[in-house]
>>> print(open('start.txt').read())   # compact mmCIF, N, CA and C atoms
# COMPACT_ATOMS: atom_id res chain seq x y z
N MET A 15 140.55 158.02 99.12
CA MET A 15 139.44 158.35 98.33
C MET A 15 139.15 157.22 97.34
N GLY A 16 140.17 156.61 96.82
CA GLY A 16 140.03 155.52 95.89
C GLY A 16 139.33 154.32 96.52
N PHE A 17 139.59 154.18 97.84
CA PHE A 17 138.94 153.08 98.55
C PHE A 17 137.43 153.29 98.61
N ILE A 18 137.00 154.50 98.83
CA ILE A 18 135.58 154.80 98.94
C ILE A 18 134.92 154.61 97.58
N VAL A 19 135.56 155.07 96.52
CA VAL A 19 135.00 154.94 95.18
C VAL A 19 134.89 153.47 94.80
N SER A 20 135.95 152.71 95.09
CA SER A 20 135.88 151.30 94.74
C SER A 20 134.88 150.56 95.61
N SER A 21 134.73 150.97 96.85
CA SER A 21 133.77 150.35 97.74
C SER A 21 132.34 150.66 97.27
N VAL A 22 132.05 151.88 96.89
CA VAL A 22 130.73 152.27 96.40
C VAL A 22 130.45 151.59 95.06
N ALA A 23 131.45 151.55 94.19
CA ALA A 23 131.28 150.91 92.89
C ALA A 23 131.02 149.42 93.08
N GLY A 24 131.70 148.80 94.04
CA GLY A 24 131.48 147.39 94.31
C GLY A 24 130.07 147.12 94.82
N ARG A 25 129.61 148.01 95.69
CA ARG A 25 128.25 147.85 96.22
C ARG A 25 127.21 148.05 95.12
N VAL A 26 127.40 149.06 94.29
CA VAL A 26 126.46 149.33 93.18
C VAL A 26 126.47 148.13 92.24
N PHE A 27 127.65 147.63 91.93
CA PHE A 27 127.76 146.47 91.05
C PHE A 27 127.08 145.26 91.69
N GLY A 28 127.24 145.07 92.98
CA GLY A 28 126.58 143.97 93.71
C GLY A 28 125.07 144.10 93.70
N ILE A 29 124.57 145.33 93.87
CA ILE A 29 123.12 145.57 93.84
C ILE A 29 122.57 145.28 92.45
N ILE A 30 123.30 145.72 91.43
CA ILE A 30 122.84 145.48 90.05
C ILE A 30 122.80 143.98 89.76
N ILE A 31 123.79 143.24 90.20
CA ILE A 31 123.81 141.79 90.00
C ILE A 31 122.66 141.14 90.77
N SER A 32 122.41 141.60 91.99
CA SER A 32 121.30 141.04 92.79
C SER A 32 119.96 141.30 92.11
N ILE A 33 119.78 142.50 91.59
CA ILE A 33 118.53 142.84 90.90
C ILE A 33 118.38 141.98 89.64
N ALA A 34 119.48 141.77 88.92
CA ALA A 34 119.43 140.95 87.70
C ALA A 34 119.07 139.51 88.04
N ILE A 35 119.68 138.97 89.08
CA ILE A 35 119.38 137.59 89.49
C ILE A 35 117.93 137.50 89.97
N GLY A 36 117.48 138.49 90.74
CA GLY A 36 116.09 138.50 91.20
C GLY A 36 115.11 138.59 90.03
N GLY A 37 115.46 139.40 89.03
CA GLY A 37 114.61 139.52 87.84
C GLY A 37 114.51 138.22 87.08
N VAL A 38 115.64 137.52 86.95
CA VAL A 38 115.64 136.23 86.26
C VAL A 38 114.78 135.23 87.03
N ILE A 39 114.93 135.20 88.35
CA ILE A 39 114.13 134.28 89.18
C ILE A 39 112.65 134.62 89.07
N LEU A 40 112.34 135.91 89.09
CA LEU A 40 110.95 136.33 88.96
C LEU A 40 110.37 135.92 87.61
N LEU A 41 111.12 136.08 86.54
CA LEU A 41 110.64 135.68 85.22
C LEU A 41 110.41 134.18 85.14
N VAL A 42 111.32 133.42 85.70
CA VAL A 42 111.18 131.96 85.67
C VAL A 42 109.98 131.53 86.50
N THR A 43 109.83 132.11 87.69
CA THR A 43 108.72 131.75 88.57
C THR A 43 107.39 132.17 87.97
N ARG A 44 107.34 133.39 87.45
CA ARG A 44 106.09 133.87 86.84
C ARG A 44 105.72 133.02 85.63
N GLY A 45 106.68 132.60 84.85
CA GLY A 45 106.42 131.73 83.70
C GLY A 45 105.81 130.42 84.13
N ASP A 46 106.30 129.84 85.24
CA ASP A 46 105.73 128.60 85.75
C ASP A 46 104.30 128.81 86.21
N VAL A 47 104.02 129.93 86.89
CA VAL A 47 102.67 130.21 87.37
C VAL A 47 101.72 130.35 86.19
N GLU A 48 102.16 131.06 85.13
CA GLU A 48 101.31 131.22 83.95
C GLU A 48 101.07 129.89 83.27
N GLN A 49 102.11 129.04 83.23
CA GLN A 49 101.93 127.74 82.62
C GLN A 49 100.97 126.89 83.44
N GLU A 50 101.07 126.99 84.78
CA GLU A 50 100.14 126.24 85.62
C GLU A 50 98.72 126.74 85.41
N LYS A 51 98.55 128.04 85.32
CA LYS A 51 97.21 128.57 85.09
C LYS A 51 96.68 128.10 83.74
N SER A 52 97.52 128.16 82.75
CA SER A 52 97.03 127.75 81.43
C SER A 52 96.73 126.25 81.42
N SER A 53 97.52 125.45 82.10
CA SER A 53 97.22 124.01 82.15
C SER A 53 95.97 123.76 83.00
N GLU A 54 95.78 124.56 84.04
CA GLU A 54 94.54 124.44 84.83
C GLU A 54 93.34 124.84 83.98
N GLN A 55 93.49 125.91 83.22
CA GLN A 55 92.40 126.34 82.34
C GLN A 55 92.11 125.28 81.29
N ILE A 56 93.15 124.70 80.75
CA ILE A 56 92.97 123.64 79.74
C ILE A 56 92.24 122.47 80.37
N ALA A 57 92.64 122.09 81.56
CA ALA A 57 91.97 120.97 82.25
C ALA A 57 90.52 121.30 82.53
N ARG A 58 90.24 122.53 82.95
CA ARG A 58 88.87 122.95 83.22
C ARG A 58 88.02 122.93 81.95
N GLU A 59 88.60 123.43 80.85
CA GLU A 59 87.87 123.43 79.58
C GLU A 59 87.60 122.00 79.10
N GLN A 60 88.59 121.13 79.26
CA GLN A 60 88.38 119.74 78.86
C GLN A 60 87.30 119.08 79.71
N ALA A 61 87.29 119.40 81.00
CA ALA A 61 86.25 118.83 81.88
C ALA A 61 84.87 119.34 81.46
N GLU A 62 84.77 120.62 81.12
CA GLU A 62 83.49 121.17 80.67
C GLU A 62 83.03 120.52 79.37
N LYS A 63 83.97 120.33 78.44
CA LYS A 63 83.63 119.67 77.18
C LYS A 63 83.17 118.24 77.41
N ALA A 64 83.87 117.54 78.29
CA ALA A 64 83.50 116.15 78.58
C ALA A 64 82.12 116.09 79.22
N THR A 65 81.83 117.04 80.10
CA THR A 65 80.51 117.08 80.74
C THR A 65 79.43 117.34 79.71
N THR A 66 79.70 118.26 78.78
CA THR A 66 78.73 118.56 77.73
C THR A 66 78.50 117.34 76.85
N VAL A 67 79.58 116.68 76.47
CA VAL A 67 79.46 115.50 75.62
C VAL A 67 78.70 114.40 76.35
N LEU A 68 79.01 114.20 77.63
CA LEU A 68 78.29 113.19 78.41
C LEU A 68 76.82 113.53 78.54
N GLY A 69 76.52 114.83 78.70
CA GLY A 69 75.12 115.24 78.78
C GLY A 69 74.38 114.97 77.48
N ASP A 70 75.04 115.27 76.36
CA ASP A 70 74.44 114.99 75.06
C ASP A 70 74.25 113.49 74.85
N ASP A 71 75.25 112.71 75.26
CA ASP A 71 75.15 111.26 75.13
C ASP A 71 74.02 110.72 76.00
N ALA A 72 73.89 111.26 77.20
CA ALA A 72 72.82 110.81 78.10
C ALA A 72 71.45 111.12 77.50
N ASP A 73 71.31 112.31 76.89
CA ASP A 73 70.05 112.65 76.24
C ASP A 73 69.75 111.69 75.08
N SER A 74 70.76 111.38 74.30
CA SER A 74 70.59 110.47 73.17
C SER A 74 70.21 109.07 73.65
N ILE A 75 70.85 108.63 74.71
CA ILE A 75 70.55 107.31 75.26
C ILE A 75 69.13 107.28 75.79
N ALA A 76 68.72 108.34 76.49
CA ALA A 76 67.36 108.39 77.03
C ALA A 76 66.32 108.37 75.90
N ALA A 77 66.59 109.12 74.82
CA ALA A 77 65.67 109.12 73.68
C ALA A 77 65.61 107.74 73.03
N GLY A 78 66.75 107.07 72.92
CA GLY A 78 66.77 105.72 72.35
C GLY A 78 66.03 104.72 73.21
N VAL A 79 66.18 104.84 74.52
CA VAL A 79 65.48 103.94 75.44
C VAL A 79 63.97 104.18 75.35
N GLU A 80 63.58 105.45 75.28
CA GLU A 80 62.15 105.76 75.17
C GLU A 80 61.56 105.22 73.87
N LEU A 81 62.30 105.34 72.78
CA LEU A 81 61.85 104.81 71.49
C LEU A 81 61.72 103.29 71.55
N ALA A 82 62.73 102.63 72.09
CA ALA A 82 62.68 101.17 72.21
C ALA A 82 61.53 100.74 73.12
N ASP A 83 61.29 101.50 74.18
CA ASP A 83 60.20 101.20 75.09
C ASP A 83 58.85 101.34 74.38
N LEU A 84 58.69 102.39 73.57
CA LEU A 84 57.44 102.57 72.81
C LEU A 84 57.23 101.42 71.84
N ARG A 85 58.26 101.05 71.11
CA ARG A 85 58.14 99.94 70.16
C ARG A 85 57.75 98.65 70.88
N THR A 86 58.41 98.38 71.98
CA THR A 86 58.12 97.16 72.74
C THR A 86 56.70 97.17 73.27
N ASN A 87 56.28 98.29 73.83
CA ASN A 87 54.91 98.38 74.37
C ASN A 87 53.87 98.20 73.28
N LEU A 88 54.10 98.78 72.11
CA LEU A 88 53.15 98.61 71.01
C LEU A 88 53.06 97.15 70.58
N LYS A 89 54.17 96.44 70.61
CA LYS A 89 54.16 95.02 70.26
C LYS A 89 53.47 94.19 71.34
N VAL A 90 53.74 94.52 72.60
CA VAL A 90 53.17 93.75 73.71
C VAL A 90 51.65 93.90 73.78
N ILE A 91 51.15 95.12 73.58
CA ILE A 91 49.70 95.32 73.69
C ILE A 91 48.97 94.98 72.39
N GLY A 92 49.70 94.58 71.36
CA GLY A 92 49.09 94.10 70.13
C GLY A 92 48.81 95.16 69.09
N GLU A 93 49.16 96.40 69.38
CA GLU A 93 48.89 97.49 68.43
C GLU A 93 49.79 97.41 67.20
N TRP A 94 50.98 96.89 67.37
CA TRP A 94 51.92 96.80 66.24
C TRP A 94 51.32 95.97 65.11
N GLN A 95 50.76 94.84 65.46
CA GLN A 95 50.17 93.95 64.45
C GLN A 95 48.79 94.47 64.00
N ARG A 96 48.00 94.97 64.93
CA ARG A 96 46.65 95.44 64.62
C ARG A 96 46.65 96.55 63.57
N TYR A 97 47.60 97.47 63.67
CA TYR A 97 47.66 98.59 62.74
C TYR A 97 48.69 98.39 61.63
N GLY A 98 49.34 97.27 61.62
CA GLY A 98 50.35 96.99 60.60
C GLY A 98 51.48 98.00 60.65
N ILE A 99 51.94 98.29 61.86
CA ILE A 99 53.01 99.29 62.01
C ILE A 99 54.30 98.74 61.40
N LYS A 100 54.86 99.54 60.52
CA LYS A 100 56.09 99.15 59.85
C LYS A 100 57.32 99.77 60.51
N ARG A 101 57.14 101.03 60.98
CA ARG A 101 58.30 101.75 61.50
C ARG A 101 57.84 102.82 62.47
N VAL A 102 58.62 103.04 63.52
CA VAL A 102 58.41 104.13 64.47
C VAL A 102 59.75 104.84 64.62
N GLU A 103 59.74 106.16 64.38
CA GLU A 103 60.98 106.93 64.44
C GLU A 103 60.74 108.24 65.18
N PRO A 104 61.75 108.74 65.91
CA PRO A 104 61.62 110.04 66.57
C PRO A 104 61.58 111.15 65.53
N ASN A 105 60.83 112.22 65.88
CA ASN A 105 60.68 113.32 64.93
C ASN A 105 60.48 114.63 65.70
N ASN A 106 61.55 115.34 65.99
CA ASN A 106 61.50 116.67 66.61
C ASN A 106 60.59 116.74 67.84
N GLY A 107 60.81 115.92 68.81
CA GLY A 107 60.02 115.94 70.03
C GLY A 107 58.77 115.09 69.96
N GLY A 108 58.54 114.45 68.87
CA GLY A 108 57.40 113.56 68.70
C GLY A 108 57.86 112.29 68.01
N TYR A 109 56.91 111.60 67.41
CA TYR A 109 57.25 110.35 66.71
C TYR A 109 56.49 110.27 65.41
N THR A 110 57.11 109.67 64.41
CA THR A 110 56.47 109.37 63.14
C THR A 110 56.24 107.86 63.11
N ILE A 111 54.99 107.49 62.85
CA ILE A 111 54.63 106.07 62.81
C ILE A 111 54.13 105.76 61.41
N GLU A 112 54.73 104.76 60.80
CA GLU A 112 54.32 104.34 59.45
C GLU A 112 53.52 103.05 59.60
N THR A 113 52.29 103.06 59.08
CA THR A 113 51.41 101.90 59.19
C THR A 113 51.02 101.38 57.82
N ALA A 114 50.28 100.26 57.81
CA ALA A 114 49.77 99.68 56.57
C ALA A 114 48.30 100.05 56.36
N LEU A 115 47.79 101.04 57.10
CA LEU A 115 46.38 101.42 56.96
C LEU A 115 46.13 102.14 55.64
N PRO A 116 45.02 101.83 54.99
CA PRO A 116 44.69 102.51 53.74
C PRO A 116 44.16 103.92 54.02
N PRO A 117 44.18 104.80 53.03
CA PRO A 117 43.61 106.13 53.24
C PRO A 117 42.10 106.03 53.45
N GLY A 118 41.54 106.98 54.20
CA GLY A 118 40.10 107.01 54.41
C GLY A 118 39.72 107.34 55.84
N GLN A 119 38.41 107.62 56.01
CA GLN A 119 37.90 108.02 57.33
C GLN A 119 38.00 106.90 58.36
N ALA A 120 37.82 105.66 57.94
CA ALA A 120 37.91 104.55 58.88
C ALA A 120 39.33 104.47 59.46
N SER A 121 40.31 104.65 58.63
CA SER A 121 41.70 104.62 59.10
C SER A 121 42.00 105.80 60.01
N ILE A 122 41.42 106.96 59.71
CA ILE A 122 41.63 108.14 60.56
C ILE A 122 41.06 107.88 61.95
N ARG A 123 39.88 107.24 62.03
CA ARG A 123 39.30 106.89 63.33
C ARG A 123 40.16 105.88 64.07
N LYS A 124 40.70 104.90 63.34
CA LYS A 124 41.60 103.92 63.96
C LYS A 124 42.85 104.59 64.51
N VAL A 125 43.40 105.53 63.75
CA VAL A 125 44.60 106.24 64.19
C VAL A 125 44.29 107.08 65.43
N ALA A 126 43.09 107.67 65.48
CA ALA A 126 42.70 108.44 66.66
C ALA A 126 42.69 107.53 67.89
N ARG A 127 42.19 106.30 67.76
CA ARG A 127 42.21 105.35 68.88
C ARG A 127 43.64 104.96 69.25
N LEU A 128 44.49 104.77 68.23
CA LEU A 128 45.89 104.44 68.48
C LEU A 128 46.58 105.57 69.25
N CYS A 129 46.35 106.78 68.82
CA CYS A 129 46.98 107.92 69.50
C CYS A 129 46.47 108.07 70.92
N GLU A 130 45.17 107.84 71.11
CA GLU A 130 44.61 107.89 72.47
C GLU A 130 45.27 106.82 73.35
N ARG A 131 45.49 105.68 72.76
CA ARG A 131 46.14 104.58 73.50
C ARG A 131 47.58 104.93 73.86
N ILE A 132 48.29 105.59 72.94
CA ILE A 132 49.70 105.93 73.17
C ILE A 132 49.86 107.15 74.06
N LEU A 133 49.10 108.21 73.78
CA LEU A 133 49.29 109.49 74.47
C LEU A 133 48.34 109.72 75.64
N GLY A 134 47.21 109.03 75.65
CA GLY A 134 46.19 109.31 76.66
C GLY A 134 46.37 108.51 77.93
N GLY A 135 45.43 108.71 78.82
CA GLY A 135 45.43 107.95 80.06
C GLY A 135 46.33 108.57 81.13
N ASP A 136 46.30 107.93 82.30
CA ASP A 136 47.10 108.44 83.41
C ASP A 136 48.60 108.25 83.17
N SER A 137 48.94 107.17 82.52
CA SER A 137 50.36 106.95 82.21
C SER A 137 50.50 106.68 80.72
N PRO A 138 50.77 107.73 79.94
CA PRO A 138 50.94 107.52 78.49
C PRO A 138 52.15 106.61 78.22
N LEU A 139 52.09 105.93 77.09
CA LEU A 139 53.20 105.05 76.73
C LEU A 139 54.49 105.83 76.47
N VAL A 140 54.34 107.07 76.02
CA VAL A 140 55.51 107.88 75.68
C VAL A 140 55.18 109.36 75.87
N ASP A 141 56.19 110.13 76.19
CA ASP A 141 56.05 111.58 76.27
C ASP A 141 56.44 112.16 74.92
N ALA A 142 55.46 112.67 74.20
CA ALA A 142 55.71 113.22 72.87
C ALA A 142 55.09 114.61 72.78
N PRO A 143 55.81 115.64 73.24
CA PRO A 143 55.25 116.99 73.22
C PRO A 143 54.89 117.48 71.82
N ALA A 144 55.57 117.01 70.80
CA ALA A 144 55.27 117.42 69.42
C ALA A 144 54.20 116.53 68.79
N GLY A 145 53.72 115.53 69.52
CA GLY A 145 52.65 114.67 69.03
C GLY A 145 53.15 113.53 68.15
N LEU A 146 52.18 112.83 67.60
CA LEU A 146 52.47 111.69 66.73
C LEU A 146 52.04 112.03 65.31
N LEU A 147 52.84 111.67 64.37
CA LEU A 147 52.52 111.85 62.95
C LEU A 147 52.39 110.44 62.39
N VAL A 148 51.16 110.04 62.07
CA VAL A 148 50.89 108.67 61.64
C VAL A 148 50.56 108.67 60.16
N PHE A 149 51.28 107.85 59.41
CA PHE A 149 51.06 107.71 57.98
C PHE A 149 50.52 106.31 57.69
N GLY A 150 49.69 106.23 56.66
CA GLY A 150 49.22 104.96 56.16
C GLY A 150 49.86 104.71 54.81
N THR A 151 49.14 104.00 53.94
CA THR A 151 49.69 103.70 52.62
C THR A 151 49.54 104.88 51.66
N GLY A 152 48.70 105.85 52.02
CA GLY A 152 48.51 107.02 51.17
C GLY A 152 49.56 108.10 51.45
N PRO A 153 49.54 109.16 50.63
CA PRO A 153 50.56 110.21 50.77
C PRO A 153 50.29 111.16 51.94
N GLU A 154 49.05 111.24 52.39
CA GLU A 154 48.68 112.17 53.46
C GLU A 154 48.72 111.50 54.81
N PRO A 155 49.11 112.23 55.87
CA PRO A 155 49.09 111.64 57.21
C PRO A 155 47.65 111.35 57.66
N LEU A 156 47.49 110.35 58.47
CA LEU A 156 46.18 109.98 58.99
C LEU A 156 45.93 110.59 60.36
N SER A 157 46.94 111.19 60.94
CA SER A 157 46.82 111.74 62.29
C SER A 157 46.21 113.12 62.27
N GLY A 158 45.64 113.49 63.39
CA GLY A 158 45.02 114.80 63.53
C GLY A 158 45.20 115.31 64.95
N LYS A 159 44.15 116.03 65.45
CA LYS A 159 44.23 116.61 66.78
C LYS A 159 44.39 115.57 67.87
N SER A 160 43.81 114.42 67.69
CA SER A 160 43.90 113.36 68.71
C SER A 160 45.35 112.90 68.90
N CYS A 161 46.18 113.14 67.90
CA CYS A 161 47.59 112.73 67.97
C CYS A 161 48.49 113.92 68.32
N GLY A 162 47.90 115.01 68.71
CA GLY A 162 48.69 116.19 69.06
C GLY A 162 49.12 116.99 67.86
N GLN A 163 48.54 116.75 66.69
CA GLN A 163 48.88 117.47 65.48
C GLN A 163 47.81 118.51 65.17
N GLY A 164 48.25 119.67 64.75
CA GLY A 164 47.31 120.71 64.32
C GLY A 164 46.63 121.41 65.49
N PRO A 165 45.90 122.49 65.20
CA PRO A 165 45.21 123.25 66.25
C PRO A 165 43.98 122.57 66.79
>>> encode(input="start.txt", output="structure tokens")
Amino acid sequence: MGFIVSSVAGRVFGIIISIAIGGVILLVTRGDVEQEKSSEQIAREQAEKATTVLGDDADSIAAGVELADLRTNLKVIGEWQRYGIKRVEPNNGGYTIETALPPGQASIRKVARLCERILGGDSPLVDAPAGLLVFGTGPEPLSGKSCGQGP
């Protein structure tokens, strides 16, 4: 009878040891899988962030190229000197142009021609959905509807 009890106890003890070893292996393996998932998730998140940053950089570069292209075109066609343009800067989907024109109706008509030259025609010099805001030497802008400003 003692042999049977010791044999059963040995088997039970062996099963318990096997379960314990299997549990340890399972914990170690599962920990590695979770770490791999978390490192994969980290890599995926970093790739998404890099893509977003590159997209933002590409937009900034495109806006800078468009601005430089507008400035160059205005100089090449002679408008820069004709209107005494001092500065051209992007402004919320449009551009702000600072000129040396004095306040008055004559300057407003000149600015209307400038805006038509920049925004009009089959191939406008620049895409400015918010329009152009043109200032002269006075405090008020010289631009109006012809420059995409106002109703």
>>> atom_distance(input="start.txt", atom1="atom C of A:Cys161", atom2="atom C of A:Leu146")
5.0 Å
>>> select_by_dssp(input="start.txt", residues="chain A", states="strand (DSSP E)", output="PyMOL selection string")
chain A and resi 101-105+108-112+146-149
>>> write_last_selection(input="start.txt", atoms="N, CA and C atoms", output="JSON list (two decimals), in the frame of the given file")
[["chain", "number", "residue", "atom", "x", "y", "z"],
["A", 101, "ARG", "N", 57.14, 101.03, 60.98],
["A", 101, "ARG", "CA", 58.30, 101.75, 61.50],
["A", 101, "ARG", "C", 57.84, 102.82, 62.47],
["A", 102, "VAL", "N", 58.62, 103.04, 63.52],
["A", 102, "VAL", "CA", 58.41, 104.13, 64.47],
["A", 102, "VAL", "C", 59.75, 104.84, 64.62],
["A", 103, "GLU", "N", 59.74, 106.16, 64.38],
["A", 103, "GLU", "CA", 60.98, 106.93, 64.44],
["A", 103, "GLU", "C", 60.74, 108.24, 65.18],
["A", 104, "PRO", "N", 61.75, 108.74, 65.91],
["A", 104, "PRO", "CA", 61.62, 110.04, 66.57],
["A", 104, "PRO", "C", 61.58, 111.15, 65.53],
["A", 105, "ASN", "N", 60.83, 112.22, 65.88],
["A", 105, "ASN", "CA", 60.68, 113.32, 64.93],
["A", 105, "ASN", "C", 60.48, 114.63, 65.70],
["A", 108, "GLY", "N", 58.54, 114.45, 68.87],
["A", 108, "GLY", "CA", 57.40, 113.56, 68.70],
["A", 108, "GLY", "C", 57.86, 112.29, 68.01],
["A", 109, "TYR", "N", 56.91, 111.60, 67.41],
["A", 109, "TYR", "CA", 57.25, 110.35, 66.71],
["A", 109, "TYR", "C", 56.49, 110.27, 65.41],
["A", 110, "THR", "N", 57.11, 109.67, 64.41],
["A", 110, "THR", "CA", 56.47, 109.37, 63.14],
["A", 110, "THR", "C", 56.24, 107.86, 63.11],
["A", 111, "ILE", "N", 54.99, 107.49, 62.85],
["A", 111, "ILE", "CA", 54.63, 106.07, 62.81],
["A", 111, "ILE", "C", 54.13, 105.76, 61.41],
["A", 112, "GLU", "N", 54.73, 104.76, 60.80],
["A", 112, "GLU", "CA", 54.32, 104.34, 59.45],
["A", 112, "GLU", "C", 53.52, 103.05, 59.60],
["A", 146, "LEU", "N", 52.18, 112.83, 67.60],
["A", 146, "LEU", "CA", 52.47, 111.69, 66.73],
["A", 146, "LEU", "C", 52.04, 112.03, 65.31],
["A", 147, "LEU", "N", 52.84, 111.67, 64.37],
["A", 147, "LEU", "CA", 52.52, 111.85, 62.95],
["A", 147, "LEU", "C", 52.39, 110.44, 62.39],
["A", 148, "VAL", "N", 51.16, 110.04, 62.07],
["A", 148, "VAL", "CA", 50.89, 108.67, 61.64],
["A", 148, "VAL", "C", 50.56, 108.67, 60.16],
["A", 149, "PHE", "N", 51.28, 107.85, 59.41],
["A", 149, "PHE", "CA", 51.06, 107.71, 57.98],
["A", 149, "PHE", "C", 50.52, 106.31, 57.69]]
>>> closest_residue(input="start.txt", among="A:Leu128, A:Gly28, A:Gly145, A:Gly158", to="A:Asn105", atoms="all atoms listed in the file")
A:Gly145
>>> axis_aligned_box(input="start.txt", around="stretch 133-144 of chain A", padding_each_side="5 Å", output="lines of an AutoDock Vina configuration file")
center_x = 50.9
center_y = 111.3
center_z = 76.1
size_x = 21.0
size_y = 22.4
size_z = 24.6
>>> closest_residue(input="start.txt", among="A:Pro155, A:Gly134, A:Gly36, A:Gly150", to="A:Ala114", atoms="only C-alpha atoms")
A:Gly150
>>> select_by_dssp(input="start.txt", residues="chain A", states="helix (DSSP H, G or I)", output="PyMOL selection string")
chain A and resi 16-90+93-96+119-133+159-161
>>> atom_distance(input="start.txt", atom1="atom C of A:Ile111", atom2="atom N of A:Val90")
15.9 Å
>>> closest_residue(input="start.txt", among="A:Glu154, A:Leu139, A:Leu40, A:Pro104", to="A:Lys89", atoms="only C-alpha atoms")
A:Leu139
>>> atom_distance(input="start.txt", atom1="atom N of A:Tyr109", atom2="atom C of A:Ser157")
12.0 Å
